[in-house]
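Chemist: Coordinates in run-v1.txt, compact mmCIF, C-alpha atoms, are listed below.
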```
# COMPACT_ATOMS: atom_id res chain seq x y z
CA MET A 1 32.84 -88.81 50.16
CA ASN A 2 32.73 -90.35 46.69
CA ASP A 3 35.14 -92.94 45.27
CA LYS A 4 37.39 -90.36 43.66
CA GLN A 5 37.76 -88.47 46.91
CA GLN A 6 38.63 -91.44 49.06
CA SER A 7 42.21 -91.44 50.26
CA VAL A 8 44.46 -94.47 50.04
CA PRO A 9 44.06 -96.49 53.25
CA THR A 10 46.96 -97.13 55.57
CA GLY A 11 47.95 -99.78 58.09
CA ALA A 12 45.78 -102.86 58.29
CA ASP A 13 43.29 -101.60 55.69
CA LYS A 14 46.04 -100.99 53.17
CA PHE A 15 47.58 -104.44 53.41
CA GLY A 16 44.58 -106.52 54.31
CA GLY A 17 44.01 -108.76 57.32
CA ASP A 18 45.87 -107.69 60.44
CA GLY A 19 48.17 -105.47 58.40
CA ALA A 20 51.30 -107.53 59.14
CA VAL A 21 54.15 -106.84 56.74
CA LEU A 22 57.14 -109.17 56.52
CA MET A 23 60.60 -108.43 55.20
CA ILE A 24 61.95 -111.06 52.82
CA GLU A 25 65.62 -111.15 51.86
CA PHE A 26 66.90 -112.32 48.49
CA LYS A 27 70.33 -112.74 46.96
CA GLY A 28 72.75 -109.88 47.50
CA SER A 29 70.96 -108.69 50.65
CA ARG A 30 68.11 -107.38 48.52
CA LYS A 31 65.14 -106.90 50.82
CA GLU A 32 61.48 -106.50 49.87
CA TYR A 33 58.23 -106.20 51.82
CA TYR A 34 55.52 -108.87 51.59
CA ARG A 35 52.26 -109.65 53.36
CA ASN A 36 51.25 -112.97 54.88
CA PRO A 37 47.60 -113.54 53.86
CA TYR A 38 47.73 -117.27 54.61
CA ASN A 39 49.02 -116.73 58.17
CA LEU A 40 52.03 -118.98 57.65
CA LYS A 41 53.92 -119.75 60.85
CA LEU A 42 57.38 -118.48 60.03
CA LYS A 43 60.58 -118.17 61.98
CA SER A 44 63.62 -116.14 61.04
CA GLY A 45 65.62 -117.79 58.26
CA ASP A 46 62.76 -119.82 56.77
CA TRP A 47 62.77 -120.09 52.98
CA VAL A 48 59.52 -119.00 51.37
CA ILE A 49 58.02 -118.74 47.90
CA VAL A 50 56.65 -115.29 47.16
CA GLN A 51 54.62 -113.83 44.34
CA VAL A 52 56.44 -111.35 42.12
CA GLU A 53 55.36 -109.24 39.17
CA ARG A 54 55.83 -112.15 36.80
CA GLY A 55 55.83 -115.52 38.49
CA GLU A 56 57.36 -116.70 41.75
CA ASP A 57 60.62 -116.13 43.57
CA LEU A 58 62.46 -117.72 46.49
CA GLY A 59 63.53 -115.67 49.49
CA ARG A 60 64.26 -115.90 53.18
CA TYR A 61 62.07 -114.54 55.95
CA ALA A 62 64.00 -111.86 57.83
CA ALA A 63 61.60 -110.06 60.17
CA GLU A 64 58.15 -108.57 60.67
CA VAL A 65 58.06 -104.80 60.27
CA ASN A 66 55.67 -102.05 61.20
CA PRO A 67 53.32 -101.32 58.26
CA ARG A 68 54.02 -97.62 58.78
CA ARG A 69 57.56 -98.21 57.50
CA VAL A 70 56.13 -99.16 54.11
CA THR A 71 55.35 -95.73 52.74
CA GLY A 72 53.93 -94.59 49.42
CA ASP A 73 50.42 -94.77 48.05
CA ASN A 74 51.50 -97.10 45.25
CA VAL A 75 53.31 -99.56 47.52
CA LYS A 76 51.20 -102.68 47.82
CA PRO A 77 53.22 -105.66 49.10
CA LEU A 78 52.59 -108.89 47.24
CA PRO A 79 51.77 -112.10 49.15
CA ILE A 80 53.95 -114.85 50.53
CA LEU A 81 52.55 -117.98 48.88
CA ARG A 82 54.02 -120.85 50.88
CA ILE A 83 56.95 -122.18 52.84
CA ALA A 84 59.51 -123.63 50.45
CA VAL A 85 60.12 -127.39 50.43
CA GLU A 86 63.54 -129.01 50.03
CA ALA A 87 63.09 -129.56 46.28
CA GLU A 88 62.40 -125.85 45.79
CA ILE A 89 65.36 -124.81 47.92
CA ALA A 90 67.54 -127.11 45.81
CA ILE A 91 66.59 -125.09 42.72
CA ARG A 92 68.46 -122.18 44.35
CA ASN A 93 71.74 -124.07 43.89
CA GLN A 94 70.92 -124.81 40.26
CA ASN A 95 70.17 -121.13 39.66
CA ALA A 96 73.48 -120.17 41.29
CA SER A 97 75.28 -122.22 38.65
CA LYS A 98 73.26 -120.53 35.90
CA GLU A 99 74.12 -117.13 37.35
CA LYS A 100 77.85 -117.81 37.06
CA GLU A 101 77.45 -118.83 33.42
CA ALA A 102 75.24 -115.82 32.68
CA LYS A 103 77.76 -113.46 34.25
CA ALA A 104 80.58 -114.86 32.12
CA GLU A 105 78.44 -114.58 28.98
CA CYS A 106 77.37 -111.02 29.79
CA LEU A 107 80.97 -109.94 30.37
CA LYS A 108 81.84 -111.20 26.89
CA LEU A 109 78.96 -109.28 25.32
CA ILE A 110 79.86 -106.10 27.23
CA ALA A 111 83.42 -106.32 25.94
CA LYS A 112 82.19 -107.07 22.43
CA ARG A 113 80.06 -103.92 22.37
CA ASP A 114 82.69 -101.89 24.26
CA LEU A 115 80.19 -100.68 26.85
CA LYS A 116 81.52 -98.53 29.71
CA MET A 117 79.91 -100.46 32.52
CA LYS A 118 80.97 -102.78 35.34
CA LEU A 119 78.91 -105.93 35.80
CA VAL A 120 78.45 -106.52 39.53
CA ASP A 121 76.08 -109.46 39.91
CA VAL A 122 73.46 -111.64 38.23
CA GLU A 123 70.24 -112.78 39.90
CA TRP A 124 68.19 -115.59 38.37
CA GLN A 125 64.54 -115.59 39.44
CA PHE A 126 63.42 -118.82 41.11
CA ASP A 127 61.04 -119.84 38.31
CA GLY A 128 63.37 -118.69 35.52
CA ASN A 129 60.96 -116.04 34.24
CA LYS A 130 63.49 -113.24 34.69
CA VAL A 131 67.24 -112.69 34.90
CA THR A 132 68.51 -109.43 36.40
CA PHE A 133 71.98 -108.09 35.64
CA TYR A 134 73.25 -105.48 38.14
CA PHE A 135 75.91 -103.04 36.99
CA THR A 136 77.57 -99.76 37.86
CA ALA A 137 78.62 -97.01 35.47
CA GLU A 138 79.85 -93.44 35.73
CA ARG A 139 77.41 -92.27 33.07
CA ARG A 140 74.20 -93.41 31.45
CA VAL A 141 74.68 -96.49 29.29
CA ASP A 142 72.67 -97.39 26.20
CA PHE A 143 72.32 -101.12 26.83
CA ARG A 144 69.38 -101.82 24.53
CA GLU A 145 71.41 -103.95 22.14
CA LEU A 146 72.96 -105.81 25.07
CA VAL A 147 69.48 -106.70 26.31
CA LYS A 148 68.62 -108.09 22.89
CA ASP A 149 71.82 -110.14 22.88
CA LEU A 150 71.07 -111.61 26.30
CA ALA A 151 67.41 -112.27 25.47
CA SER A 152 68.44 -114.23 22.38
CA VAL A 153 70.70 -116.41 24.52
CA TYR A 154 68.43 -117.05 27.51
CA ARG A 155 64.95 -116.74 25.98
CA THR A 156 63.48 -115.10 29.08
CA ARG A 157 62.83 -111.63 30.42
CA ILE A 158 66.08 -109.68 30.82
CA GLU A 159 66.48 -106.72 33.15
CA LEU A 160 69.61 -104.58 33.41
CA ARG A 161 69.62 -102.51 36.60
CA GLN A 162 72.14 -99.78 37.30
CA ILE A 163 73.04 -99.49 40.99
CA GLY A 164 75.17 -97.16 43.10
CA ALA A 165 78.39 -97.79 45.02
CA ARG A 166 76.58 -98.58 48.27
CA ASP A 167 74.31 -101.13 46.59
CA GLU A 168 77.34 -102.68 44.91
CA ALA A 169 79.06 -103.18 48.27
CA ARG A 170 75.88 -104.70 49.70
CA ARG A 171 75.51 -107.17 46.85
CA VAL A 172 79.17 -108.21 46.96
CA GLY A 173 79.31 -108.42 50.75
CA GLY A 174 82.36 -108.32 52.99
CA LEU A 175 83.75 -107.08 56.29
CA GLY A 176 83.88 -103.47 57.41
CA VAL A 177 86.87 -101.63 58.84
CA CYS A 178 85.62 -102.71 62.30
CA GLY A 179 86.16 -106.36 61.37
CA LEU A 180 82.45 -107.16 61.43
CA GLU A 181 80.04 -107.91 58.61
CA GLN A 182 79.07 -104.80 56.65
CA CYS A 183 76.10 -103.04 58.24
CA CYS A 184 74.26 -103.05 54.90
CA ASN A 185 74.47 -106.85 54.86
CA ALA A 186 73.77 -107.36 58.54
CA PHE A 187 70.76 -105.20 59.39
CA LEU A 188 70.37 -101.96 57.42
CA THR A 189 67.40 -101.90 55.08
CA GLU A 190 67.73 -98.38 53.67
CA PHE A 191 70.57 -95.98 52.91
CA GLU A 192 70.22 -92.56 54.53
CA PRO A 193 72.13 -89.36 53.66
CA ILE A 194 75.51 -89.13 55.45
CA THR A 195 77.72 -86.03 55.72
CA THR A 196 81.15 -85.25 57.16
CA GLN A 197 79.38 -83.16 59.82
CA LEU A 198 78.42 -86.43 61.48
CA ALA A 199 82.10 -87.39 61.67
CA ARG A 200 82.93 -84.02 63.23
CA GLU A 201 80.23 -84.47 65.86
CA GLN A 202 81.81 -87.80 66.77
CA SER A 203 85.32 -86.29 66.97
CA LEU A 204 86.59 -88.50 64.16
CA SER A 205 89.43 -87.77 61.78
CA LEU A 206 88.21 -86.54 58.40
CA ASN A 207 90.74 -88.81 56.69
CA PRO A 208 88.65 -90.52 53.95
CA ALA A 209 90.52 -93.79 54.48
CA LYS A 210 89.29 -93.92 58.09
CA ILE A 211 85.68 -92.87 57.68
CA SER A 212 84.82 -94.60 54.40
CA GLY A 213 83.41 -98.05 53.86
CA ASN A 214 84.19 -100.66 51.21
CA CYS A 215 81.90 -98.75 48.87
CA GLY A 216 84.14 -95.68 49.05
CA ARG A 217 81.33 -93.67 50.65
CA LEU A 218 81.06 -92.42 54.23
CA LEU A 219 80.48 -95.16 56.81
CA CYS A 220 76.82 -96.00 57.43
CA CYS A 221 77.47 -96.20 61.18
CA LEU A 222 78.11 -92.45 61.22
CA ARG A 223 74.39 -92.02 60.64
CA TYR A 224 72.76 -94.55 62.93
CA GLU A 225 75.20 -93.90 65.80
CA SER A 226 74.86 -90.12 65.58
CA GLU A 227 71.87 -89.86 67.95
CA TYR A 228 73.76 -91.78 70.64
CA TYR A 229 76.72 -89.42 70.38
CA ARG A 230 74.46 -86.39 70.56
CA ARG A 231 72.57 -87.71 73.56
CA VAL A 232 75.72 -88.54 75.50
CA ALA A 233 77.38 -85.26 74.53
CA ARG A 234 74.47 -83.34 76.07
CA GLU A 235 75.32 -84.93 79.42
CA LEU A 236 79.04 -84.18 79.28
CA PRO A 237 80.99 -80.90 79.58
CA LYS A 238 82.15 -79.18 76.41
CA ILE A 239 85.74 -79.29 75.24
CA GLY A 240 87.50 -76.22 76.62
CA SER A 241 85.33 -75.93 79.71
CA THR A 242 86.72 -76.31 83.25
CA PHE A 243 85.97 -79.34 85.35
CA ALA A 244 87.13 -80.11 88.89
CA THR A 245 87.44 -83.43 90.69
CA GLU A 246 88.56 -84.10 94.26
CA GLU A 247 92.10 -84.68 92.97
CA MET A 248 92.53 -81.93 90.39
CA GLU A 249 90.94 -79.21 88.30
CA GLY A 250 91.60 -78.82 84.63
CA ARG A 251 90.42 -77.99 81.15
CA VAL A 252 88.41 -80.56 79.19
CA GLU A 253 90.78 -81.73 76.44
CA ARG A 254 88.93 -84.69 74.95
CA ILE A 255 85.63 -86.50 75.20
CA LEU A 256 85.75 -90.31 75.01
CA ILE A 257 82.10 -91.01 74.37
CA LEU A 258 82.39 -94.76 73.84
CA ARG A 259 84.23 -95.05 77.16
CA ASP A 260 81.81 -92.64 78.84
CA GLN A 261 84.71 -90.48 79.95
CA ILE A 262 86.26 -87.04 79.56
CA VAL A 263 89.95 -86.15 79.76
CA ILE A 264 90.91 -83.04 81.75
CA LYS A 265 94.34 -81.43 81.76
CA ASN A 266 95.68 -79.00 84.37
CA GLU A 267 98.15 -76.15 83.96
CA GLY A 268 101.05 -78.45 84.79
CA GLY A 269 100.21 -80.73 81.88
CA ASP A 270 98.87 -83.59 83.96
CA GLU A 271 95.89 -85.45 82.53
CA LYS A 272 93.11 -87.35 84.22
CA LYS A 273 90.25 -89.40 82.87
CA VAL A 274 86.92 -88.74 84.53
CA HIS A 275 84.07 -91.24 84.23
CA SER A 276 80.46 -90.12 83.77
CA THR A 277 79.53 -91.43 87.23
CA GLU A 278 81.82 -88.87 88.78
CA ILE A 279 80.47 -86.21 86.45
CA ARG A 280 76.91 -86.99 87.51
CA ARG A 281 77.87 -86.68 91.16
CA ALA A 282 78.98 -83.12 90.41
CA HIS A 283 75.80 -82.40 88.47
CA ARG A 284 74.62 -79.45 90.55
CA LYS A 285 77.98 -77.74 90.25
CA ARG A 286 78.15 -77.96 86.43
CA PRO A 287 77.57 -74.53 84.86
CA TRP A 288 78.24 -76.11 81.45
CA MET A 289 75.32 -78.54 81.69
CA LYS A 290 72.99 -78.14 78.71
CA SER A 291 69.27 -77.90 79.19
```
In structure tokens, write the structure found in this file.

Modeler:
Amino acid sequence: MNDKQQSVPTGADKFGGDGAVLMIEFKGSRKEYYRNPYNLKLKSGDWVIVQVERGEDLGRYAAEVNPRRVTGDNVKPLPILRIAVEAEIAIRNQNASKEKEAKAECLKLIAKRDLKMKLVDVEWQFDGNKVTFYFTAERRVDFRELVKDLASVYRTRIELRQIGARDEARRVGGLGVCGLEQCCNAFLTEFEPITTQLAREQSLSLNPAKISGNCGRLLCCLRYESEYYRRVARELPKIGSTFATEEMEGRVERILILRDQIVIKNEGGDEKKVHSTEIRRAHRKRPWMKS
């Protein structure tokens, strides 16, 4: 096989060394993959300095991931350079102050040029070599003149990046309808397609107010919880089927998956909750059991 015919290596060969790939988190829950060529001893939450396209940036070590998750022939994680010292971490606070000023300045310039865009966040690279402005817009925006305006003010590389509603919610942060931190801020690394069919499978109301997140899109938990619902549903009788206990026989009215129960109702209108343990005891008598 000649050089032109060689395929792009994967795993350890692709990333060098033992192939370990680490996830580093930046401002706004932005997560990127990096390799650890210097075998730094890191624990979750450690601040590190990483190499970026132009210069260095400061991020926080989140977790080690399987190299197979990093797909794409052109994906080549850059290295983690060192563990950040206190003086470097302090620069993060200085940059936060610059970000507030830059956001205020950008809002003025957007209004001046009457651009139909919503500025969401500003991220100042650790070494000051780049400033990224994140925005949302219903349509494509010609922001070339805005970039020139910002470059003349800050004398550094300016990047304007249009993001979607889910990314906006992740960058802003907040609590979900469950009262917990948004999943996209807590542990999700990628957004997967979500449909109302997932809500139907989980017997949820299709009321948008109840199945939508802060981003206005369908809840992310509908996707990652779907397999659990499907697995449990395979072990429970279908709605409309007949189920008998020692006390009564009735028609399955509802399935309470999170409680691991079904609700049966007899002809007289009486209801009874049946736990999965009792259902399993009747396993051999269940004609509705799926293969």

Chemist: Pick out the closest residue to Leu204 (chain A) from this set: A:Val141, A:Ala63, A:Leu256, A:Leu160. Count all atoms listed in the file.

Modeler: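 Nearest candidate to Leu204 (chain A) out of A:Val141, A:Ala63, A:Leu256, A:Leu160: A:Leu256.
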
Chemist: So, counting all atoms listed in the file, which residue among A:Val48, A:Cys215, A:Val120, A:Ala137 is closest to Leu175 (chain A)?

Modeler: A:Cys215

Chemist: Restricting the calculation to all atoms listed in the file: of A:Ser205, A:Asn95, A:Asn66, A:Gln125, which residue gets closest to Val50 (chain A)?

Modeler: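 The closest residue to Val50 (chain A) is A:Gln125.
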
Chemist: If you count all atoms listed in the file, which residues fall within 10 Å of Ser276 (chain A), apart from same-chain ones fewer than 2 positions away, as a VMD selection string?

Modeler: chain A and resid 232 235 to 236 257 259 to 262 273 to 274 278 to 282

Chemist: Using all atoms listed in the file, which residue out of A:Leu40, A:Ala233, A:Phe191, A:Ile264 lies closest to Glu247 (chain A)?

Modeler: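 Answer, going by the shortest atom-to-atom distance: A:Ile264.
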
Chemist: Got a sec to check which residues sit within 12 Å of (59.0, -105.8, 55.6), counting all atoms listed in the file, and write them as a PyMOL selection string?

Modeler: chain A and resi 15+19-25+30-36+60-71+75-80+189-190

Chemist: Extract, using all atoms listed in the file, all DNA, RNA and protein residues at most 10 Å from Leu115 (chain A), discarding same-chain residues fewer than 5 positions from it, and format them as a ChimeraX atom specification.

Modeler: /A:107,109-110,137,141-143,146

Chemist: Please produce a file of those selected residues containing C-alpha atoms, as a compact mmCIF listing (two decimals), in the frame of the given file.

Modeler:
```
# COMPACT_ATOMS: atom_id res chain seq x y z
CA LEU A 107 80.97 -109.94 30.37
CA LEU A 109 78.96 -109.28 25.32
CA ILE A 110 79.86 -106.10 27.23
CA ALA A 137 78.62 -97.01 35.47
CA VAL A 141 74.68 -96.49 29.29
CA ASP A 142 72.67 -97.39 26.20
CA PHE A 143 72.32 -101.12 26.83
CA LEU A 146 72.96 -105.81 25.07
```

Chemist: Enter the distance from CA of Lys148 (chain A) to CA of Asn93 (chain A), in Å, rounded to one decimal.

Modeler: 26.6 Å

Chemist: Work out how far apart CA of Phe187 (chain A) and CA of Asp46 (chain A) are and give it in Å to one decimal.

Modeler: 16.9 Å

Chemist: Pick out the closest residue to Gly179 (chain A) from this set: A:Arg144, A:Phe126, A:Asn214, A:Lys238. Count all atoms listed in the file.

Modeler: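 Result for the nearest residue to Gly179 (chain A): A:Asn214.
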
Chemist: For a test of reading the model, state the distance in Å between CA of Gly45 (chain A) and CA of Asp127 (chain A), rounded to one decimal.

Modeler: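 Straight-line distance from CA of Gly45 (chain A) to CA of Asp127 (chain A) works out to 20.6 Å.
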
Chemist: Show me, as a list in words, the residues that have an atom within 12 Å of Lys272 (chain A) when counting only C-alpha atoms, minus same-chain residues fewer than 4 positions from it.

Modeler: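 Counting only the stated atoms, we get Phe243, Ala244, Thr245, Glu246, Glu247, Met248, Glu249, Gly250, Arg251, Val252, Glu253, Arg254, Ile255, Gln261, Ile262, Val263, Ile264, Lys265, Asn266 and Gly268 of chain A.
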
Chemist: Keeping C-alpha atoms, write region 196-211 of chain A of the structure just shown out as a PDB file, in the first residue's frame.

Modeler:
```
ATOM      1  CA  THR A 196     -42.538  14.327  19.510  1.00  0.00           C
ATOM      2  CA  GLN A 197     -42.671  10.557  18.940  1.00  0.00           C
ATOM      3  CA  LEU A 198     -40.336  10.218  21.911  1.00  0.00           C
ATOM      4  CA  ALA A 199     -42.846  12.107  24.065  1.00  0.00           C
ATOM      5  CA  ARG A 200     -45.639   9.809  22.890  1.00  0.00           C
ATOM      6  CA  GLU A 201     -43.595   6.727  23.771  1.00  0.00           C
ATOM      7  CA  GLN A 202     -43.179   8.131  27.279  1.00  0.00           C
ATOM      8  CA  SER A 203     -46.919   8.885  27.621  1.00  0.00           C
ATOM      9  CA  LEU A 204     -46.292  12.598  28.002  1.00  0.00           C
ATOM     10  CA  SER A 205     -48.631  15.425  27.119  1.00  0.00           C
ATOM     11  CA  LEU A 206     -47.788  17.031  23.786  1.00  0.00           C
ATOM     12  CA  ASN A 207     -48.321  20.459  25.329  1.00  0.00           C
ATOM     13  CA  PRO A 208     -45.236  22.428  24.153  1.00  0.00           C
ATOM     14  CA  ALA A 209     -45.028  24.228  27.495  1.00  0.00           C
ATOM     15  CA  LYS A 210     -44.520  20.893  29.277  1.00  0.00           C
ATOM     16  CA  ILE A 211     -42.091  19.171  26.942  1.00  0.00           C
TER      17      ILE A 211
END
```
